[in-house]
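Containing compact mmCIF, C-alpha atoms and all ligand atoms: data34.txt.
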# COMPACT_ATOMS: atom_id res chain seq x y z
CA MET M 1 4.48 -21.90 10.22
CA SER M 2 0.98 -22.60 8.97
CA ASN M 3 -1.17 -21.67 5.99
CA GLU M 4 1.44 -21.97 3.24
CA LYS M 5 0.18 -20.82 -0.20
CA GLN M 6 2.03 -21.17 -3.49
CA PHE M 7 1.84 -18.68 -6.40
CA SER M 8 3.96 -18.22 -9.55
CA ASN M 9 7.49 -17.40 -8.40
CA CYS M 10 6.41 -16.57 -4.87
CA HIS M 11 4.82 -18.15 -1.83
CA VAL M 12 3.27 -16.99 1.43
CA LYS M 13 3.48 -18.40 4.94
CA VAL M 14 1.36 -16.98 7.76
CA GLU M 15 2.38 -16.92 11.42
CA ASN M 16 0.96 -14.81 14.27
CA HIS M 17 -1.21 -12.74 11.86
CA VAL M 18 1.87 -11.84 9.78
CA ALA M 19 2.19 -13.05 6.16
CA TYR M 20 5.75 -13.77 5.03
CA LEU M 21 5.85 -13.39 1.24
CA PHE M 22 8.93 -14.99 -0.34
CA VAL M 23 9.85 -14.06 -3.92
CA ASN M 24 11.27 -17.27 -5.35
CA ASN M 25 12.54 -17.11 -8.92
CA PRO M 26 16.03 -18.64 -8.85
CA PRO M 27 18.80 -17.79 -9.27
CA ALA M 28 18.28 -14.03 -8.69
CA ASN M 29 14.51 -13.70 -7.96
CA VAL M 30 14.10 -11.41 -10.97
CA ILE M 31 10.74 -9.80 -11.74
CA SER M 32 9.77 -11.60 -14.94
CA SER M 33 6.23 -11.34 -16.40
CA GLU M 34 5.45 -14.54 -14.52
CA THR M 35 6.72 -12.99 -11.27
CA VAL M 36 4.48 -9.96 -11.86
CA SER M 37 1.42 -12.25 -12.19
CA GLY M 38 2.43 -14.31 -9.17
CA LEU M 39 3.02 -11.22 -7.03
CA SER M 40 -0.32 -9.78 -8.09
CA ALA M 41 -2.16 -12.95 -7.00
CA CYS M 42 -0.11 -13.10 -3.80
CA VAL M 43 -0.95 -9.49 -2.88
CA ASP M 44 -4.67 -10.17 -3.54
CA TYR M 45 -4.46 -13.19 -1.25
CA VAL M 46 -2.89 -11.28 1.65
CA ALA M 47 -5.33 -8.38 1.10
CA ASN M 48 -8.35 -10.68 1.37
CA ASP M 49 -7.31 -13.02 4.20
CA SER M 50 -8.80 -11.54 7.35
CA GLU M 51 -6.32 -13.41 9.59
CA ILE M 52 -3.43 -11.40 8.08
CA LYS M 53 -2.71 -8.01 9.66
CA ALA M 54 0.82 -7.29 8.37
CA VAL M 55 3.07 -8.49 5.57
CA VAL M 56 6.85 -9.04 5.26
CA ILE M 57 8.27 -9.39 1.75
CA THR M 58 11.71 -10.97 1.29
CA GLY M 59 13.70 -12.94 -1.26
CA GLU M 60 14.29 -16.69 -1.06
CA GLY M 61 18.00 -17.50 -0.93
CA LYS M 62 20.85 -14.98 -1.11
CA PHE M 63 19.18 -12.35 -3.34
CA PHE M 64 16.28 -10.04 -2.48
CA ILE M 65 15.37 -9.22 -6.11
CA ALA M 66 18.04 -8.44 -8.73
CA GLY M 67 15.62 -6.38 -10.81
CA ALA M 68 13.39 -6.90 -13.78
CA ASP M 69 14.27 -9.90 -15.96
CA ILE M 70 16.81 -8.35 -18.35
CA LYS M 71 16.70 -11.47 -20.54
CA GLU M 72 12.97 -10.85 -21.19
CA PHE M 73 13.74 -7.35 -22.50
CA VAL M 74 15.20 -8.88 -25.67
CA SER M 75 11.75 -9.91 -26.92
CA ALA M 76 10.53 -6.32 -26.52
CA PHE M 77 13.46 -4.73 -28.43
CA ASP M 78 12.27 -2.05 -30.86
CA SER M 79 8.72 -2.15 -29.46
CA GLU M 80 7.64 0.87 -27.47
CA ASP M 81 4.27 -0.79 -26.78
CA LYS M 82 5.81 -3.95 -25.28
CA GLY M 83 8.21 -1.86 -23.21
CA LYS M 84 5.32 0.23 -21.92
CA LEU M 85 3.30 -2.87 -21.03
CA LEU M 86 6.21 -4.25 -18.92
CA SER M 87 6.37 -0.96 -17.04
CA VAL M 88 2.65 -0.38 -16.57
CA GLU M 89 1.83 -3.93 -15.43
CA ALA M 90 4.63 -3.97 -12.86
CA GLN M 91 3.77 -0.44 -11.67
CA ALA M 92 0.17 -1.60 -11.09
CA VAL M 93 1.27 -4.45 -8.81
CA LEU M 94 3.65 -2.20 -6.87
CA ASN M 95 0.87 0.38 -6.50
CA LYS M 96 -1.36 -2.40 -5.15
CA ILE M 97 1.30 -3.13 -2.50
CA GLU M 98 1.52 0.56 -1.57
CA GLN M 99 -2.27 0.87 -1.33
CA LEU M 100 -2.71 -2.27 0.80
CA ASN M 101 -4.53 -1.41 4.04
CA LYS M 102 -2.13 -3.68 5.97
CA PRO M 103 1.46 -2.59 6.66
CA VAL M 104 4.00 -4.11 4.27
CA ILE M 105 7.65 -4.39 5.31
CA ALA M 106 10.44 -5.25 2.87
CA ALA M 107 13.15 -7.40 4.51
CA ILE M 108 16.03 -6.76 2.12
CA ASN M 109 18.33 -9.76 2.40
CA GLY M 110 20.70 -9.27 -0.57
CA ALA M 111 20.88 -7.67 -4.02
CA CYS M 112 17.97 -5.23 -4.27
CA LEU M 113 18.51 -3.66 -7.65
CA GLY M 114 16.39 -1.96 -10.29
CA GLY M 115 12.87 -3.37 -10.08
CA GLY M 116 13.85 -5.00 -6.77
CA LEU M 117 14.48 -1.62 -5.15
CA GLU M 118 11.34 -0.30 -6.82
CA LEU M 119 9.33 -3.10 -5.20
CA ALA M 120 11.00 -2.45 -1.82
CA MET M 121 10.15 1.25 -2.12
CA SER M 122 6.48 0.43 -2.74
CA CYS M 123 6.41 -1.24 0.69
CA HIS M 124 5.46 0.90 3.69
CA MET M 125 8.69 0.21 5.59
CA ARG M 126 12.07 -1.35 4.82
CA ILE M 127 14.58 -3.23 6.97
CA ALA M 128 17.85 -4.03 5.16
CA ALA M 129 20.73 -6.34 5.90
CA ASP M 130 24.01 -4.42 6.31
CA GLU M 131 25.29 -6.74 3.56
CA ALA M 132 22.46 -5.87 1.10
CA LYS M 133 23.17 -3.99 -2.11
CA LEU M 134 20.64 -1.35 -3.15
CA GLY M 135 20.65 0.59 -6.39
CA GLN M 136 18.93 1.65 -9.59
CA PRO M 137 21.40 0.47 -12.27
CA GLU M 138 19.04 0.84 -15.27
CA LEU M 139 21.19 3.52 -16.93
CA ASN M 140 23.83 0.79 -17.40
CA LEU M 141 21.29 -0.80 -19.78
CA GLY M 142 20.52 2.45 -21.60
CA LEU M 143 17.23 2.66 -19.70
CA ILE M 144 15.72 4.50 -16.75
CA PRO M 145 13.89 2.93 -13.77
CA GLY M 146 10.44 1.92 -15.04
CA PHE M 147 8.62 0.40 -12.07
CA GLY M 148 8.21 3.69 -10.17
CA GLY M 149 11.84 4.31 -9.18
CA THR M 150 12.17 7.80 -10.67
CA GLN M 151 9.22 8.87 -8.53
CA ARG M 152 9.54 6.94 -5.25
CA LEU M 153 13.31 7.29 -4.75
CA ALA M 154 13.12 11.11 -4.84
CA ARG M 155 10.13 11.08 -2.47
CA LEU M 156 11.79 8.69 0.02
CA THR M 157 15.20 10.37 0.01
CA ASN M 158 15.45 13.67 -1.85
CA LYS M 159 15.73 14.91 -5.42
CA SER M 160 19.53 15.27 -5.52
CA LYS M 161 20.22 11.91 -3.83
CA ALA M 162 17.79 10.15 -6.19
CA LEU M 163 19.36 11.78 -9.25
CA GLU M 164 22.85 10.86 -8.03
CA MET M 165 21.91 7.21 -7.45
CA ILE M 166 20.05 6.84 -10.74
CA LEU M 167 22.45 8.79 -12.94
CA THR M 168 25.58 7.03 -11.61
CA SER M 169 24.02 3.55 -11.03
CA LYS M 170 25.77 3.69 -7.64
CA VAL M 171 25.07 0.66 -5.45
CA ILE M 172 24.94 1.24 -1.69
CA GLY M 173 24.90 -1.04 1.36
CA GLY M 174 22.27 -1.25 4.08
CA LYS M 175 23.95 1.20 6.45
CA GLU M 176 24.26 3.93 3.80
CA ALA M 177 20.66 3.28 2.76
CA GLU M 178 19.66 3.87 6.39
CA SER M 179 21.70 7.08 6.55
CA ILE M 180 19.83 8.58 3.56
CA GLY M 181 16.39 7.49 4.78
CA LEU M 182 15.94 4.86 2.07
CA VAL M 183 15.46 2.12 4.69
CA ASN M 184 14.13 2.39 8.24
CA LYS M 185 16.96 0.33 9.71
CA SER M 186 19.95 -1.78 8.68
CA VAL M 187 20.98 -4.81 10.74
CA PRO M 188 23.38 -7.74 10.24
CA LEU M 189 21.89 -10.31 7.86
CA VAL M 190 21.57 -12.90 10.65
CA GLU M 191 19.23 -10.55 12.53
CA LEU M 192 17.18 -9.41 9.51
CA MET M 193 14.14 -11.69 9.66
CA ASN M 194 13.84 -11.38 13.43
CA GLU M 195 13.95 -7.58 13.14
CA ALA M 196 11.26 -7.60 10.43
CA LYS M 197 9.14 -10.04 12.46
CA GLN M 198 9.39 -7.85 15.58
CA LEU M 199 8.34 -4.77 13.62
CA ALA M 200 5.44 -6.58 11.93
CA GLU M 201 4.24 -8.14 15.20
CA ALA M 202 4.53 -4.84 17.12
CA ILE M 203 1.82 -3.59 14.77
CA ALA M 204 -0.20 -6.74 13.99
CA LEU M 205 -0.48 -8.01 17.56
CA LYS M 206 -0.91 -4.67 19.35
CA LYS M 207 -2.92 -2.29 17.19
CA SER M 208 -6.45 -2.15 15.82
CA ARG M 209 -6.85 -3.11 12.18
CA LEU M 210 -9.05 -0.01 11.78
CA SER M 211 -6.47 2.52 12.98
CA ILE M 212 -3.69 0.70 11.07
CA ALA M 213 -5.68 1.04 7.83
CA ALA M 214 -6.60 4.67 8.57
CA THR M 215 -2.95 5.56 9.21
CA ILE M 216 -1.81 4.10 5.89
CA GLU M 217 -4.67 5.80 4.04
CA ALA M 218 -3.98 9.21 5.65
CA VAL M 219 -0.25 9.09 4.94
CA ASN M 220 -0.61 7.74 1.37
CA LYS M 221 -3.36 10.18 0.36
CA GLY M 222 -1.71 13.10 2.14
CA LEU M 223 1.48 12.66 0.13
CA GLU M 224 -0.51 12.91 -3.09
CA THR M 225 -2.26 16.18 -2.30
CA THR M 226 -1.90 19.59 -0.67
CA LEU M 227 -1.24 19.98 3.04
CA ASP M 228 -4.72 21.43 3.63
CA GLU M 229 -6.36 18.51 1.80
CA GLY M 230 -4.18 16.17 3.85
CA PHE M 231 -5.41 17.74 7.11
CA ALA M 232 -9.01 17.30 5.89
CA ILE M 233 -8.40 13.63 5.06
CA GLU M 234 -6.85 13.12 8.52
CA ALA M 235 -9.77 14.83 10.32
CA ASP M 236 -12.32 12.64 8.47
CA LEU M 237 -10.48 9.42 9.27
CA TRP M 238 -9.93 10.46 12.90
CA ALA M 239 -13.65 11.26 13.27
CA LYS M 240 -14.69 7.89 11.79
CA LEU M 241 -12.55 6.08 14.36
CA PHE M 242 -14.49 7.84 17.16
CA THR M 243 -17.45 5.60 16.48
CA THR M 244 -15.52 2.32 16.81
CA GLU M 245 -15.48 -0.26 19.60
CA ASP M 246 -11.68 -0.22 19.42
CA MET M 247 -11.52 3.49 20.19
CA LYS M 248 -13.72 2.94 23.28
CA GLU M 249 -11.54 0.01 24.31
CA GLY M 250 -8.30 2.00 23.83
CA VAL M 251 -9.52 4.96 25.87
CA ASN M 252 -11.03 2.76 28.64
CA ALA M 253 -7.84 0.71 28.80
CA PHE M 254 -5.81 3.88 29.33
CA ILE M 255 -8.12 5.06 32.11
CA GLU M 256 -8.16 1.61 33.75
CA LYS M 257 -4.32 1.38 33.48
CA ARG M 258 -4.31 -1.84 31.45
CA GLU M 259 -3.30 -2.88 27.95
CA ALA M 260 -5.97 -2.46 25.28
CA GLU M 261 -7.41 -5.58 23.69
CA PHE M 262 -8.60 -4.53 20.27
CA GLN M 263 -11.24 -6.54 18.40
CA ASP M 264 -10.79 -4.80 15.03
CA LYS M 265 -14.32 -3.39 15.32
C1 LIG M 301 12.06 -1.35 -14.67
C2 LIG M 301 13.08 -2.20 -14.06
C3 LIG M 301 14.26 -2.41 -14.72
C4 LIG M 301 15.29 -3.28 -14.13
O1 LIG M 301 15.16 -3.77 -13.02
S1 LIG M 301 16.64 -3.58 -15.08
C5 LIG M 301 17.62 -4.69 -14.14
C6 LIG M 301 18.33 -4.02 -13.02
N1 LIG M 301 19.18 -4.96 -12.35
C7 LIG M 301 20.44 -5.16 -12.69
O2 LIG M 301 20.98 -4.54 -13.60
C8 LIG M 301 21.19 -6.21 -11.91
C9 LIG M 301 21.87 -7.18 -12.83
N2 LIG M 301 22.55 -8.21 -12.06
C10 LIG M 301 23.73 -8.03 -11.45
O3 LIG M 301 24.31 -6.97 -11.45
C11 LIG M 301 24.33 -9.21 -10.78
O4 LIG M 301 23.78 -10.36 -11.34
C12 LIG M 301 24.10 -9.26 -9.24
C13 LIG M 301 24.90 -8.13 -8.58
C14 LIG M 301 22.64 -9.15 -8.91
C15 LIG M 301 24.62 -10.62 -8.70
O5 LIG M 301 25.93 -10.83 -9.10
P1 LIG M 301 26.56 -12.29 -8.84
O6 LIG M 301 26.41 -12.67 -7.41
O7 LIG M 301 27.97 -12.23 -9.39
O8 LIG M 301 25.68 -13.32 -9.65
P2 LIG M 301 25.50 -13.42 -11.25
O9 LIG M 301 26.27 -14.61 -11.72
O10 LIG M 301 25.76 -12.12 -11.92
O11 LIG M 301 23.92 -13.71 -11.35
C16 LIG M 301 23.36 -14.96 -11.08
C17 LIG M 301 22.44 -15.32 -12.24
O12 LIG M 301 21.35 -14.42 -12.20
C18 LIG M 301 21.20 -13.79 -13.47
N3 LIG M 301 20.69 -12.44 -13.27
C19 LIG M 301 21.04 -11.55 -12.33
N4 LIG M 301 20.35 -10.45 -12.44
C20 LIG M 301 19.51 -10.62 -13.48
C21 LIG M 301 18.50 -9.82 -14.09
N5 LIG M 301 18.18 -8.61 -13.59
N6 LIG M 301 17.85 -10.31 -15.14
C22 LIG M 301 18.11 -11.54 -15.61
N7 LIG M 301 19.04 -12.36 -15.06
C23 LIG M 301 19.72 -11.89 -14.01
C24 LIG M 301 22.59 -13.78 -14.06
O13 LIG M 301 22.55 -13.64 -15.46
C25 LIG M 301 23.10 -15.13 -13.63
O14 LIG M 301 22.52 -16.10 -14.48
P3 LIG M 301 23.43 -17.27 -15.09
O15 LIG M 301 23.90 -18.05 -13.90
O16 LIG M 301 22.50 -18.04 -15.99
O17 LIG M 301 24.56 -16.64 -15.84
Rewrite the coordinates I just gave you, this time as structure tokens.
Amino acid sequence: MSNEKQFSNCHVKVENHVAYLFVNNPPANVISSETVSGLSACVDYVANDSEIKAVVITGEGKFFIAGADIKEFVSAFDSEDKGKLLSVEAQAVLNKIEQLNKPVIAAINGACLGGGLELAMSCHMRIAADEAKLGQPELNLGLIPGFGGTQRLARLTNKSKALEMILTSKVIGGKEAESIGLVNKSVPLVELMNEAKQLAEAIALKKSRLSIAATIEAVNKGLETTLDEGFAIEADLWAKLFTTEDMKEGVNAFIEKREAEFQDK
């Protein structure tokens, strides 16, 4: 791999236009304040590097991310303001991941709990190891999910499944997560990174950057508005793509019975 970049509690390696972002805060890769800053810088880096067309986020070692740093909560005891700051700052980074105009795939290699699942849910797609453990156990701490989990879990699965998982702190494996639509696919741990790489490369190496970005924008914005507004957003983005070199190339390639070679223009 080339292009390795180090940030606080995470690092990025780039290969074949795919950035592999490793969260690295041993032993459990928890999301401490330092991890939030590191992730924010890391996401800015992958957003601004024009070589990168897709991103895979995973955890270094045996954990994906075991949640927010519970030990840091002690210093915010009895302070609503400090509690709010922890939530709002982490939510902002996760929103930045969700709004990235490059597809982000979470490769869930182990414990993916609390803030870890919230980060995974902010990604555009998720591949889990069968052996992974996914859950929102915050009620065990007398809390609720605070990095977007109460909102994204219900949207990704459904209201009753989200309430069941959050209210019981139930932890589920990769296969069950797949069966409720929480992850796209669950595979044995040994196959996880290859599966994530294949998915990332199927997009990064085959599609135009312009239609990738437009797809993410249409789906993200559409889920935040009415269906009619969503159709209008889609029509505008579709029309803009009509003026691109890549659209001409895609259509000509079809007619000439060859594979399109997009230039991201
Ligand atoms: C808004 C967001 C809120 C949240 O995210 S709240 C946090 C939600 N997450 C959790 O409640 C998970 C808590 N952790 C666990 O349940 C377990 O751990 C695991 C299932 C993840 C792993 O269990 P095992 O394999 O037996 O390892 P181990 O000895 O429990 O953990 C290894 C070290 O990691 C520390 N650790 C684990 N999770 C956290 C955490 N979330 N915050 C701070 N430290 C954590 C432990 O304390 C320990 O450390 P040491 O070796 O020094 O005893």
Taking (-2.4, -13.7, -8.8) in the file's coordinates as the center, which residues reach within 12 Å of it, counting only C-alpha atoms, put as a VMD selection string? chain M and resid 5 to 11 33 to 47 93 96
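Comparing the minimum interatomic distances between Asn95 in chain M and each of M:Leu113, M:Ala120, M:Ala76, M:Ala204, counting all atoms listed in the file, we find that M:Ala120 sits nearest.
Considering all atoms listed in the file, the residue among M:Asp78, M:Glu201, M:Glu15, M:Glu60 positioned nearest to Ala111 in chain M is M:Glu60.
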Show which residues sit within 12 Å of Asn184 in chain M, as an mmCIF file with C-alpha atoms, keeping the file's coordinate frame. Count only C-alpha atoms, and ignore same-chain residues fewer than 5 positions away.
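Output below, filename around-v2.cif:
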data_model
loop_
_atom_site.group_PDB
_atom_site.id
_atom_site.type_symbol
_atom_site.label_atom_id
_atom_site.label_comp_id
_atom_site.auth_asym_id
_atom_site.auth_seq_id
_atom_site.Cartn_x
_atom_site.Cartn_y
_atom_site.Cartn_z
ATOM 1 C CA ILE M 105 7.650 -4.390 5.310
ATOM 2 C CA ALA M 106 10.440 -5.250 2.870
ATOM 3 C CA ALA M 107 13.150 -7.400 4.510
ATOM 4 C CA ILE M 108 16.030 -6.760 2.120
ATOM 5 C CA ALA M 120 11.000 -2.450 -1.820
ATOM 6 C CA MET M 121 10.150 1.250 -2.120
ATOM 7 C CA CYS M 123 6.410 -1.240 0.690
ATOM 8 C CA HIS M 124 5.460 0.900 3.690
ATOM 9 C CA MET M 125 8.690 0.210 5.590
ATOM 10 C CA ARG M 126 12.070 -1.350 4.820
ATOM 11 C CA ILE M 127 14.580 -3.230 6.970
ATOM 12 C CA ALA M 128 17.850 -4.030 5.160
ATOM 13 C CA ALA M 129 20.730 -6.340 5.900
ATOM 14 C CA LEU M 156 11.790 8.690 0.020
ATOM 15 C CA THR M 157 15.200 10.370 0.010
ATOM 16 C CA GLY M 174 22.270 -1.250 4.080
ATOM 17 C CA LYS M 175 23.950 1.200 6.450
ATOM 18 C CA GLU M 176 24.260 3.930 3.800
ATOM 19 C CA ALA M 177 20.660 3.280 2.760
ATOM 20 C CA GLU M 178 19.660 3.870 6.390
ATOM 21 C CA SER M 179 21.700 7.080 6.550
ATOM 22 C CA GLU M 195 13.950 -7.580 13.140
ATOM 23 C CA ALA M 196 11.260 -7.600 10.430
ATOM 24 C CA LEU M 199 8.340 -4.770 13.620
#
Under the rule of at most 7 Å, produce a per-residue listing of chain M near ligand LIG 301 (chain M): chain, number, name, the closest pair of atoms, and the distance in Å, as a Markdown table, using all atoms listed in the file.
| residue | atom | partner | partner_atom | distance |
| --- | --- | --- | --- | --- |
| M:Pro27 | CA | M:LIG301 | O12 | 5.1 |
| M:Ala28 | CA | M:LIG301 | O12 | 4.7 |
| M:Val30 | CA | M:LIG301 | N5 | 5.6 |
| M:Ala66 | CA | M:LIG301 | C14 | 4.7 |
| M:Gly67 | CA | M:LIG301 | O1 | 3.5 |
| M:Ala68 | CA | M:LIG301 | O1 | 3.7 |
| M:Asp69 | CA | M:LIG301 | N6 | 3.7 |
| M:Ile70 | CA | M:LIG301 | N6 | 3.9 |
| M:Lys71 | CA | M:LIG301 | C22 | 5.1 |
| M:Ser87 | CA | M:LIG301 | C1 | 6.2 |
| M:Ala111 | CA | M:LIG301 | C14 | 5.4 |
| M:Leu113 | CA | M:LIG301 | N1 | 4.9 |
| M:Gly114 | CA | M:LIG301 | O1 | 3.5 |
| M:Gly115 | CA | M:LIG301 | O1 | 3.7 |
| M:Gly116 | CA | M:LIG301 | O1 | 6.5 |
| M:Gln136 | CA | M:LIG301 | C6 | 6.7 |
| M:Pro137 | CA | M:LIG301 | O2 | 5.2 |
| M:Glu138 | CA | M:LIG301 | S1 | 5.0 |
| M:Pro145 | CA | M:LIG301 | C1 | 4.7 |
| M:Gly146 | CA | M:LIG301 | C1 | 3.7 |
| M:Phe147 | CA | M:LIG301 | C1 | 4.7 |
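Between CA of Gly149 in chain M and CA of Phe73 in chain M the interatomic distance comes to 17.8 Å.
The two atoms in question, CA of Val219 in chain M and CA of Ile97 in chain M, are spaced 14.4 Å apart.
The smallest atom-to-atom distance between Leu139 in chain M and any of M:Ile31, M:Leu163, M:Ile212, M:Leu86, using only C-alpha atoms, is found for M:Leu163.
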Can you tell me, as number ranges by chain, what residues are no more than 7 Å from Gly135 in chain M when counting only C-alpha atoms, ignoring any on the same chain fewer than 2 positions away? M: 112-114, 117, 133, 137, 165, 169-172
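In this model, the gap between CA of Arg209 in chain M and CA of Val187 in chain M comes to 27.9 Å.
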